Structure formats: structure tokens, C-alpha cells
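So this block is final.pdb, PDB, C-alpha atoms:
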ATOM      1  CA  MET S   1     -12.661  -3.122  12.122
ATOM      2  CA  GLN S   2     -10.266  -6.031  12.223
ATOM      3  CA  ASP S   3      -6.729  -5.551  10.941
ATOM      4  CA  LEU S   4      -6.136  -8.140   8.228
ATOM      5  CA  LEU S   5      -2.378  -8.043   7.605
ATOM      6  CA  PRO S   6      -1.242  -8.600  11.211
ATOM      7  CA  GLU S   7      -3.602 -11.584  11.390
ATOM      8  CA  ILE S   8      -2.227 -12.948   8.105
ATOM      9  CA  CYS S   9       1.328 -12.533   9.361
ATOM     10  CA  ASP S  10       0.482 -14.356  12.611
ATOM     11  CA  ILE S  11      -0.775 -17.404  10.719
ATOM     12  CA  TYR S  12       1.051 -17.315   7.369
ATOM     13  CA  ALA S  13       4.384 -15.586   8.117
ATOM     14  CA  ASP S  14       6.293 -18.245   6.167
ATOM     15  CA  ARG S  15       4.103 -17.764   3.055
ATOM     16  CA  VAL S  16       4.120 -13.980   2.636
ATOM     17  CA  LYS S  17       6.482 -11.222   1.526
ATOM     18  CA  ILE S  18       5.973  -7.689   2.841
ATOM     19  CA  LEU S  19       6.326  -4.420   0.922
ATOM     20  CA  ALA S  20       8.501  -1.736   2.500
ATOM     21  CA  PRO S  21       6.296   0.897   4.180
ATOM     22  CA  MET S  22       6.026   3.511   1.443
ATOM     23  CA  LEU S  23       2.431   3.828   0.247
ATOM     24  CA  VAL S  24      -0.487   5.989   1.366
ATOM     25  CA  ASN S  25      -4.176   4.968   1.386
ATOM     26  CA  PHE S  26      -6.395   7.102  -0.857
ATOM     27  CA  GLY S  27      -9.503   5.037  -1.661
ATOM     28  CA  ALA S  28     -12.679   4.550   0.354
ATOM     29  CA  VAL S  29     -11.816   0.876   0.911
ATOM     30  CA  GLY S  30      -9.008   0.458   3.434
ATOM     31  CA  THR S  31      -8.719  -3.326   3.308
ATOM     32  CA  PHE S  32      -8.586  -5.180  -0.006
ATOM     33  CA  TYR S  33      -7.018  -8.230  -1.579
ATOM     34  CA  GLY S  34      -7.089 -10.246  -4.761
ATOM     35  CA  GLN S  35      -5.236 -11.835  -7.626
ATOM     36  CA  ILE S  36      -2.498  -9.647  -9.089
ATOM     37  CA  VAL S  37      -2.630  -8.091 -12.551
ATOM     38  CA  THR S  38       0.451  -5.972 -13.299
ATOM     39  CA  VAL S  39       1.225  -2.936 -15.408
ATOM     40  CA  LYS S  40       4.693  -1.488 -15.880
ATOM     41  CA  THR S  41       4.668   2.070 -17.198
ATOM     42  CA  PHE S  42       6.282   5.468 -16.797
ATOM     43  CA  GLU S  43       4.249   8.677 -16.844
ATOM     44  CA  ASP S  44       1.673   7.157 -19.221
ATOM     45  CA  ASN S  45      -1.570   5.647 -17.918
ATOM     46  CA  SER S  46      -2.809   4.193 -21.229
ATOM     47  CA  LYS S  47      -2.422   0.566 -20.081
ATOM     48  CA  ILE S  48      -4.075   1.353 -16.752
ATOM     49  CA  ARG S  49      -7.023   2.858 -18.622
ATOM     50  CA  GLU S  50      -7.284  -0.329 -20.732
ATOM     51  CA  GLN S  51      -7.183  -2.604 -17.685
ATOM     52  CA  VAL S  52      -9.759  -0.813 -15.528
ATOM     53  CA  ALA S  53     -12.193  -1.065 -18.451
ATOM     54  CA  GLN S  54     -11.952  -4.884 -18.164
ATOM     55  CA  ASP S  55     -13.712  -7.147 -15.680
ATOM     56  CA  GLY S  56     -11.571  -7.021 -12.544
ATOM     57  CA  THR S  57     -13.675  -9.223 -10.280
ATOM     58  CA  GLY S  58     -11.459 -10.566  -7.502
ATOM     59  CA  LYS S  59      -8.369  -8.765  -8.818
ATOM     60  CA  VAL S  60      -5.993  -6.002  -7.781
ATOM     61  CA  LEU S  61      -4.087  -3.951 -10.336
ATOM     62  CA  VAL S  62      -0.465  -3.427  -9.263
ATOM     63  CA  VAL S  63       1.309  -0.674 -11.201
ATOM     64  CA  ASP S  64       5.020   0.029 -11.304
ATOM     65  CA  GLY S  65       5.090   3.653 -12.363
ATOM     66  CA  GLY S  66       8.819   3.932 -11.802
ATOM     67  CA  ALA S  67       8.195   5.939  -8.596
ATOM     68  CA  SER S  68       7.549   9.025 -10.713
ATOM     69  CA  ILE S  69       6.255  11.969  -8.730
ATOM     70  CA  ARG S  70       5.834  14.207 -11.802
ATOM     71  CA  HIS S  71       2.438  12.918 -13.042
ATOM     72  CA  ALA S  72      -0.610  11.137 -11.627
ATOM     73  CA  LEU S  73      -1.245   7.684 -13.078
ATOM     74  CA  LEU S  74      -4.763   7.393 -11.632
ATOM     75  CA  GLY S  75      -7.583   9.900 -11.207
ATOM     76  CA  ASP S  76     -11.190   9.730 -10.114
ATOM     77  CA  MET S  77     -12.613   8.801 -13.534
ATOM     78  CA  LEU S  78     -10.375   5.738 -13.931
ATOM     79  CA  ALA S  79     -10.934   4.778 -10.292
ATOM     80  CA  GLU S  80     -14.710   4.957 -10.815
ATOM     81  CA  LYS S  81     -14.340   2.780 -13.916
ATOM     82  CA  ALA S  82     -12.281   0.252 -11.946
ATOM     83  CA  ALA S  83     -14.830   0.128  -9.128
ATOM     84  CA  SER S  84     -17.732  -0.313 -11.540
ATOM     85  CA  ASN S  85     -15.893  -3.192 -13.240
ATOM     86  CA  GLY S  86     -15.316  -5.101 -10.005
ATOM     87  CA  TRP S  87     -11.651  -4.348  -9.302
ATOM     88  CA  ARG S  88     -10.913  -4.667  -5.593
ATOM     89  CA  GLY S  89      -8.015  -2.236  -5.597
ATOM     90  CA  ILE S  90      -5.138  -0.506  -7.320
ATOM     91  CA  ILE S  91      -1.615  -0.250  -5.891
ATOM     92  CA  ILE S  92       0.661   2.277  -7.585
ATOM     93  CA  ASN S  93       4.380   2.914  -7.325
ATOM     94  CA  GLY S  94       3.640   6.461  -8.423
ATOM     95  CA  CYS S  95       1.036   9.170  -7.870
ATOM     96  CA  ILE S  96      -2.727   9.626  -8.010
ATOM     97  CA  ARG S  97      -4.856  12.773  -8.259
ATOM     98  CA  ASP S  98      -8.393  13.864  -7.378
ATOM     99  CA  VAL S  99      -7.727  12.969  -3.746
ATOM    100  CA  ASN S 100     -11.040  14.221  -2.330
ATOM    101  CA  ALA S 101     -13.082  12.404  -4.977
ATOM    102  CA  MET S 102     -10.933   9.267  -4.597
ATOM    103  CA  ALA S 103     -11.817   9.069  -0.901
ATOM    104  CA  GLY S 104     -15.453   8.465  -1.850
ATOM    105  CA  ILE S 105     -14.894   5.741  -4.449
ATOM    106  CA  LYS S 106     -15.518   2.140  -3.320
ATOM    107  CA  LEU S 107     -12.053   0.968  -4.304
ATOM    108  CA  GLY S 108      -8.843   0.276  -2.445
ATOM    109  CA  VAL S 109      -6.155   2.690  -3.654
ATOM    110  CA  LYS S 110      -2.566   2.915  -2.429
ATOM    111  CA  ALA S 111       0.071   5.147  -3.993
ATOM    112  CA  LEU S 112       3.225   7.077  -3.148
ATOM    113  CA  ALA S 113       1.603  10.514  -3.131
ATOM    114  CA  ALA S 114      -0.801  12.849  -4.874
ATOM    115  CA  HIS S 115       0.071  15.046  -7.852
ATOM    116  CA  PRO S 116      -2.377  17.212  -9.822
ATOM    117  CA  LEU S 117      -0.876  16.718 -13.310
ATOM    118  CA  LYS S 118      -2.291  13.965 -15.539
ATOM    119  CA  THR S 119      -0.137  11.822 -17.817
ATOM    120  CA  GLU S 120       0.187  11.919 -21.560
ATOM    121  CA  LYS S 121      -1.464   9.064 -23.419
ATOM    122  CA  ARG S 122       1.152   7.433 -25.648
ATOM    123  CA  GLY S 123      -0.034   3.825 -25.441
ATOM    124  CA  LEU S 124       3.140   2.769 -23.635
ATOM    125  CA  GLY S 125       3.493   0.140 -20.945
ATOM    126  CA  ASP S 126       3.726  -3.585 -20.364
ATOM    127  CA  LEU S 127       0.905  -5.772 -19.113
ATOM    128  CA  ASN S 128       1.250  -8.821 -16.870
ATOM    129  CA  VAL S 129       5.014  -8.796 -16.515
ATOM    130  CA  PRO S 130       6.825  -9.322 -13.210
ATOM    131  CA  ILE S 131       7.476  -5.973 -11.515
ATOM    132  CA  SER S 132       9.457  -4.970  -8.437
ATOM    133  CA  PHE S 133       9.420  -2.031  -6.061
ATOM    134  CA  GLY S 134       9.681  -1.478  -2.324
ATOM    135  CA  GLY S 135      11.851  -4.567  -1.907
ATOM    136  CA  LEU S 136       9.118  -6.837  -3.250
ATOM    137  CA  SER S 137       8.367  -8.578  -6.539
ATOM    138  CA  PHE S 138       4.819  -8.828  -7.861
ATOM    139  CA  HIS S 139       4.015 -11.612 -10.313
ATOM    140  CA  PRO S 140       0.781 -11.853 -12.291
ATOM    141  CA  GLY S 141      -1.458 -14.512 -10.790
ATOM    142  CA  GLU S 142      -0.068 -14.216  -7.259
ATOM    143  CA  TYR S 143      -2.198 -12.657  -4.519
ATOM    144  CA  VAL S 144      -1.822  -9.271  -2.856
ATOM    145  CA  TYR S 145      -3.322  -8.238   0.482
ATOM    146  CA  ALA S 146      -3.494  -4.621   1.686
ATOM    147  CA  ASP S 147      -4.819  -2.695   4.661
ATOM    148  CA  ASN S 148      -3.754   0.267   6.784
ATOM    149  CA  ASN S 149      -0.790  -1.789   8.020
ATOM    150  CA  GLY S 150       0.767  -2.182   4.573
ATOM    151  CA  VAL S 151       0.914  -4.552   1.616
ATOM    152  CA  LEU S 152       1.968  -8.174   1.363
ATOM    153  CA  VAL S 153       2.113 -10.827  -1.351
ATOM    154  CA  ALA S 154       1.586 -14.592  -1.322
ATOM    155  CA  GLU S 155       2.292 -16.941  -4.217
ATOM    156  CA  THR S 156      -1.086 -18.630  -3.750
ATOM    157  CA  GLN S 157      -4.415 -17.510  -2.313
ATOM    158  CA  LEU S 158      -4.543 -17.626   1.479
ATOM    159  CA  ASP S 159      -7.475 -19.157   3.361
ATOM    160  CA  LEU S 160      -8.927 -16.048   5.016
ATOM    161  CA  LYS S 161     -11.842 -17.968   6.502
ATOM    162  CA  LYS S 162      -9.476 -18.936   9.322
ATOM    163  CA  LEU S 163      -9.402 -15.219  10.123
ATOM    164  CA  GLY S 164     -13.122 -14.622   9.779
ATOM    165  CA  TRP S 165     -12.828 -13.053   6.289
ATOM    166  CA  GLU S 166     -14.370 -14.285   3.069
ATOM    167  CA  SER S 167     -11.868 -15.057   0.315
TER
END
Here is the file; what I need is its structure written in the form of C-alpha cells.
Amino acid sequence: MQDLLPEICDIYADRVKILAPMLVNFGAVGTFYGQIVTVKTFEDNSKIREQVAQDGTGKVLVVDGGASIRHALLGDMLAEKAASNGWRGIIINGCIRDVNAMAGIKLGVKALAAHPLKTEKRGLGDLNVPISFGGLSFHPGEYVYADNNGVLVAETQLDLKKLGWES
């Protein structure tokens, strides 16, 4: 399989920003990209649950969970919901759970680590606000690209046809 991010960097180095290497792949899809939808939350996945229930066609949910390693913000049931609603991936500055099940779900998932404890549901969090982690800012409407090499962001959609990928 072709590595996407090195190819993007070779052609579009002046148009992309790269996340510090800090996330682990957990989903069955190793390469994913799409328009950014953001959630900012801390140890409460209520807003994530709301978003994955929406049509996510062509989108990637980027979650700033405050780097908490005390609760999992995403489990297999929400990941399944995201996949069935067309989301291409979920990137989390925080933890996931249900690692073995997650590996079989047709969704790109990147997170800091795994943790078995779910969150409380308090309805807290902010949707579609700029968020920052790993030395990178994510703005709703920008585009994120991820593969086993990392994560990068571009302000506008890149022409991946030049690389032999469909956009």
C-alpha cells in the first residue's frame, strides 16, 4: 500500500502543517482524510456521541480531549456508529477503549492510548471550535490527512489525484 503523507509532503510541503508524532493507530483503516469537524471536551464523550450520529460523509472528527489518560472518549459502539454514518476517521487527543473490536471497524482511529474506563455523560464540550494539540491547530472546515506516518493539516483540500488517490 502506498504511503500517503510522505507523498503529500513531497508535493505540498508549503501547504501542510504536521502533528508531532504522538498518536497510535487503532482502527481498521490506516489511511484516511477529510474535512475537519472538531470537538473540545474533557472526560465526557457526549458531544462525540452526538457527532457520530450525524452524517459524516467525507469528514474526520478531531477531538481535543485534553490529553486525558483517565477515561476513554471512544469505544467500539460509537466507532461503529461513526463508520455506519460515513465518517472517514476520528483523531483523539485522549484515549479509546475496546481495542480488539476497534481493529475490525472500517474507520480510521488515532488516539494517544487505550484505557478501559468509559466517560461520564454530562453533556459537556464545544463543537466546531479551533483546537490545538501536538504543536498543531485544527480549524473546522480545514482538511486533515492521516496514515501510519502521522497526521497533517491543510487549510484547503489537496488534489490527491496527482498522487493516484481519489479525493
Quiz item: For Leu5 in chain S, which residue among S:Ser46, S:Ala53, S:Phe26, S:Thr31 is the nearest when counting only C-alpha atoms?
Solution: S:Thr31
Quiz item: Excluding same-chain residues fewer than 2 positions from Gln157 in chain S, what lies within 10 Å of it counting only C-alpha atoms, as a PyMOL selection string?
Solution: chain S and resi 33-35+141-145+153-155+159-160+167
Exercise. Considering all atoms listed in the file, state which residue in the set S:Leu19, S:Ala111, S:Leu127, S:Leu4 is at the smallest distance from Lys47 in chain S.
Key: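 Nearest to Lys47 in chain S: S:Leu127.
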Quiz item: Of the candidates S:Pro140, S:Phe32, S:Gly164, S:Arg97, which shows the shortest atom-to-atom distance to Leu74 in chain S, using only C-alpha atoms?
Solution: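 With only C-alpha atoms as the atom set, the closest residue is S:Arg97.
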Practice problem: Select, from S:Lys40, S:Lys162, S:His71, S:Lys59, the residue with the minimum atom-to-atom distance to Leu124 in chain S, counting all atoms listed in the file. | Solution: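 Using all atoms listed in the file, the shortest distance to Leu124 in chain S belongs to S:Lys40.
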Self-check item: For Leu78 in chain S, the nearest of the candidates S:Ile131, S:Ile48, S:Val62, S:Ile92, counting all atoms listed in the file
Solution: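 Smallest separation from Leu78 in chain S among the options: S:Ile48.
Using all atoms listed in the file for every distance, the candidate list S:Pro6, S:Gly75, S:Gly65, S:Gly58 yields S:Gly75 as the residue closest to Ala114 in chain S.
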Self-check item: Within 10 Å of Pro130 in chain S using all atoms listed in the file, minus same-chain residues under 3 positions, as an MDAnalysis selection string
Solution: chainID S and resid 37:40 64 126:127 137:140
Completion step: range 38-49 of chain S with all heavy atoms as a PDB file, keeping the file's coordinate frame:
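Final file, part-v3.pdb:
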ATOM      1  N   THR S  38      -0.582  -7.012 -13.353  1.00  0.00           N
ATOM      2  CA  THR S  38       0.451  -5.972 -13.299  1.00  0.00           C
ATOM      3  C   THR S  38       0.476  -5.104 -14.556  1.00  0.00           C
ATOM      4  O   THR S  38       0.124  -5.544 -15.646  1.00  0.00           O
ATOM      5  CB  THR S  38       1.864  -6.574 -13.121  1.00  0.00           C
ATOM      6  OG1 THR S  38       2.199  -7.346 -14.277  1.00  0.00           O
ATOM      7  CG2 THR S  38       1.963  -7.416 -11.864  1.00  0.00           C
ATOM      8  N   VAL S  39       0.922  -3.871 -14.330  1.00  0.00           N
ATOM      9  CA  VAL S  39       1.225  -2.936 -15.408  1.00  0.00           C
ATOM     10  C   VAL S  39       2.549  -2.273 -15.064  1.00  0.00           C
ATOM     11  O   VAL S  39       2.754  -1.837 -13.932  1.00  0.00           O
ATOM     12  CB  VAL S  39       0.139  -1.849 -15.568  1.00  0.00           C
ATOM     13  CG1 VAL S  39       0.588  -0.757 -16.536  1.00  0.00           C
ATOM     14  CG2 VAL S  39      -1.171  -2.454 -16.043  1.00  0.00           C
ATOM     15  N   LYS S  40       3.438  -2.224 -16.035  1.00  0.00           N
ATOM     16  CA  LYS S  40       4.693  -1.488 -15.880  1.00  0.00           C
ATOM     17  C   LYS S  40       4.649  -0.336 -16.869  1.00  0.00           C
ATOM     18  O   LYS S  40       4.486  -0.548 -18.074  1.00  0.00           O
ATOM     19  CB  LYS S  40       5.891  -2.390 -16.151  1.00  0.00           C
ATOM     20  CG  LYS S  40       7.220  -1.695 -15.918  1.00  0.00           C
ATOM     21  CD  LYS S  40       8.384  -2.650 -16.132  1.00  0.00           C
ATOM     22  CE  LYS S  40       9.688  -1.938 -15.926  1.00  0.00           C
ATOM     23  NZ  LYS S  40      10.245  -2.150 -14.607  1.00  0.00           N
ATOM     24  N   THR S  41       4.792   0.891 -16.357  1.00  0.00           N
ATOM     25  CA  THR S  41       4.668   2.070 -17.198  1.00  0.00           C
ATOM     26  C   THR S  41       5.434   3.226 -16.580  1.00  0.00           C
ATOM     27  O   THR S  41       5.824   3.150 -15.401  1.00  0.00           O
ATOM     28  CB  THR S  41       3.188   2.441 -17.410  1.00  0.00           C
ATOM     29  OG1 THR S  41       3.086   3.470 -18.378  1.00  0.00           O
ATOM     30  CG2 THR S  41       2.524   2.852 -16.112  1.00  0.00           C
ATOM     31  N   PHE S  42       5.630   4.280 -17.342  1.00  0.00           N
ATOM     32  CA  PHE S  42       6.282   5.468 -16.797  1.00  0.00           C
ATOM     33  C   PHE S  42       5.603   6.713 -17.372  1.00  0.00           C
ATOM     34  O   PHE S  42       5.682   6.963 -18.572  1.00  0.00           O
ATOM     35  CB  PHE S  42       7.782   5.487 -17.118  1.00  0.00           C
ATOM     36  CG  PHE S  42       8.518   6.574 -16.402  1.00  0.00           C
ATOM     37  CD1 PHE S  42       8.803   6.456 -15.051  1.00  0.00           C
ATOM     38  CD2 PHE S  42       8.909   7.722 -17.062  1.00  0.00           C
ATOM     39  CE1 PHE S  42       9.471   7.460 -14.374  1.00  0.00           C
ATOM     40  CE2 PHE S  42       9.573   8.740 -16.402  1.00  0.00           C
ATOM     41  CZ  PHE S  42       9.859   8.609 -15.053  1.00  0.00           C
ATOM     42  N   GLU S  43       4.905   7.413 -16.506  1.00  0.00           N
ATOM     43  CA  GLU S  43       4.249   8.677 -16.844  1.00  0.00           C
ATOM     44  C   GLU S  43       3.290   8.571 -18.035  1.00  0.00           C
ATOM     45  O   GLU S  43       3.119   9.513 -18.801  1.00  0.00           O
ATOM     46  CB  GLU S  43       5.297   9.780 -17.046  1.00  0.00           C
ATOM     47  CG  GLU S  43       6.082  10.032 -15.773  1.00  0.00           C
ATOM     48  CD  GLU S  43       7.136  11.105 -15.885  1.00  0.00           C
ATOM     49  OE1 GLU S  43       7.340  11.683 -16.976  1.00  0.00           O
ATOM     50  OE2 GLU S  43       7.775  11.379 -14.849  1.00  0.00           O
ATOM     51  N   ASP S  44       2.663   7.405 -18.178  1.00  0.00           N
ATOM     52  CA  ASP S  44       1.673   7.157 -19.221  1.00  0.00           C
ATOM     53  C   ASP S  44       0.670   6.154 -18.654  1.00  0.00           C
ATOM     54  O   ASP S  44       1.032   5.031 -18.328  1.00  0.00           O
ATOM     55  CB  ASP S  44       2.352   6.580 -20.461  1.00  0.00           C
ATOM     56  CG  ASP S  44       1.396   6.312 -21.614  1.00  0.00           C
ATOM     57  OD1 ASP S  44       0.172   6.260 -21.397  1.00  0.00           O
ATOM     58  OD2 ASP S  44       1.875   6.124 -22.748  1.00  0.00           O
ATOM     59  N   ASN S  45      -0.595   6.551 -18.528  1.00  0.00           N
ATOM     60  CA  ASN S  45      -1.570   5.647 -17.918  1.00  0.00           C
ATOM     61  C   ASN S  45      -2.454   4.926 -18.941  1.00  0.00           C
ATOM     62  O   ASN S  45      -3.506   4.399 -18.593  1.00  0.00           O
ATOM     63  CB  ASN S  45      -2.418   6.368 -16.875  1.00  0.00           C
ATOM     64  CG  ASN S  45      -3.379   7.378 -17.462  1.00  0.00           C
ATOM     65  OD1 ASN S  45      -3.359   7.677 -18.657  1.00  0.00           O
ATOM     66  ND2 ASN S  45      -4.223   7.931 -16.610  1.00  0.00           N
ATOM     67  N   SER S  46      -2.018   4.848 -20.178  1.00  0.00           N
ATOM     68  CA  SER S  46      -2.809   4.193 -21.229  1.00  0.00           C
ATOM     69  C   SER S  46      -3.154   2.744 -20.883  1.00  0.00           C
ATOM     70  O   SER S  46      -4.294   2.310 -21.062  1.00  0.00           O
ATOM     71  CB  SER S  46      -2.063   4.215 -22.561  1.00  0.00           C
ATOM     72  OG  SER S  46      -1.790   5.535 -22.963  1.00  0.00           O
ATOM     73  N   LYS S  47      -2.188   1.983 -20.405  1.00  0.00           N
ATOM     74  CA  LYS S  47      -2.422   0.566 -20.081  1.00  0.00           C
ATOM     75  C   LYS S  47      -3.299   0.427 -18.838  1.00  0.00           C
ATOM     76  O   LYS S  47      -4.083  -0.522 -18.734  1.00  0.00           O
ATOM     77  CB  LYS S  47      -1.100  -0.178 -19.887  1.00  0.00           C
ATOM     78  CG  LYS S  47      -0.242  -0.236 -21.136  1.00  0.00           C
ATOM     79  CD  LYS S  47      -0.917  -0.991 -22.256  1.00  0.00           C
ATOM     80  CE  LYS S  47      -0.043  -1.016 -23.495  1.00  0.00           C
ATOM     81  NZ  LYS S  47      -0.685  -1.590 -24.650  1.00  0.00           N
ATOM     82  N   ILE S  48      -3.196   1.360 -17.924  1.00  0.00           N
ATOM     83  CA  ILE S  48      -4.075   1.353 -16.752  1.00  0.00           C
ATOM     84  C   ILE S  48      -5.504   1.584 -17.207  1.00  0.00           C
ATOM     85  O   ILE S  48      -6.424   0.873 -16.786  1.00  0.00           O
ATOM     86  CB  ILE S  48      -3.636   2.422 -15.729  1.00  0.00           C
ATOM     87  CG1 ILE S  48      -2.227   2.120 -15.226  1.00  0.00           C
ATOM     88  CG2 ILE S  48      -4.642   2.523 -14.576  1.00  0.00           C
ATOM     89  CD1 ILE S  48      -1.584   3.246 -14.454  1.00  0.00           C
ATOM     90  N   ARG S  49      -5.693   2.560 -18.074  1.00  0.00           N
ATOM     91  CA  ARG S  49      -7.023   2.858 -18.622  1.00  0.00           C
ATOM     92  C   ARG S  49      -7.615   1.615 -19.290  1.00  0.00           C
ATOM     93  O   ARG S  49      -8.788   1.298 -19.100  1.00  0.00           O
ATOM     94  CB  ARG S  49      -6.915   4.002 -19.635  1.00  0.00           C
ATOM     95  CG  ARG S  49      -8.227   4.367 -20.314  1.00  0.00           C
ATOM     96  CD  ARG S  49      -8.057   5.528 -21.269  1.00  0.00           C
ATOM     97  NE  ARG S  49      -7.587   6.729 -20.606  1.00  0.00           N
ATOM     98  CZ  ARG S  49      -8.372   7.589 -19.947  1.00  0.00           C
ATOM     99  NH1 ARG S  49      -9.666   7.377 -19.882  1.00  0.00           N
ATOM    100  NH2 ARG S  49      -7.869   8.654 -19.368  1.00  0.00           N
TER     101      ARG S  49
END
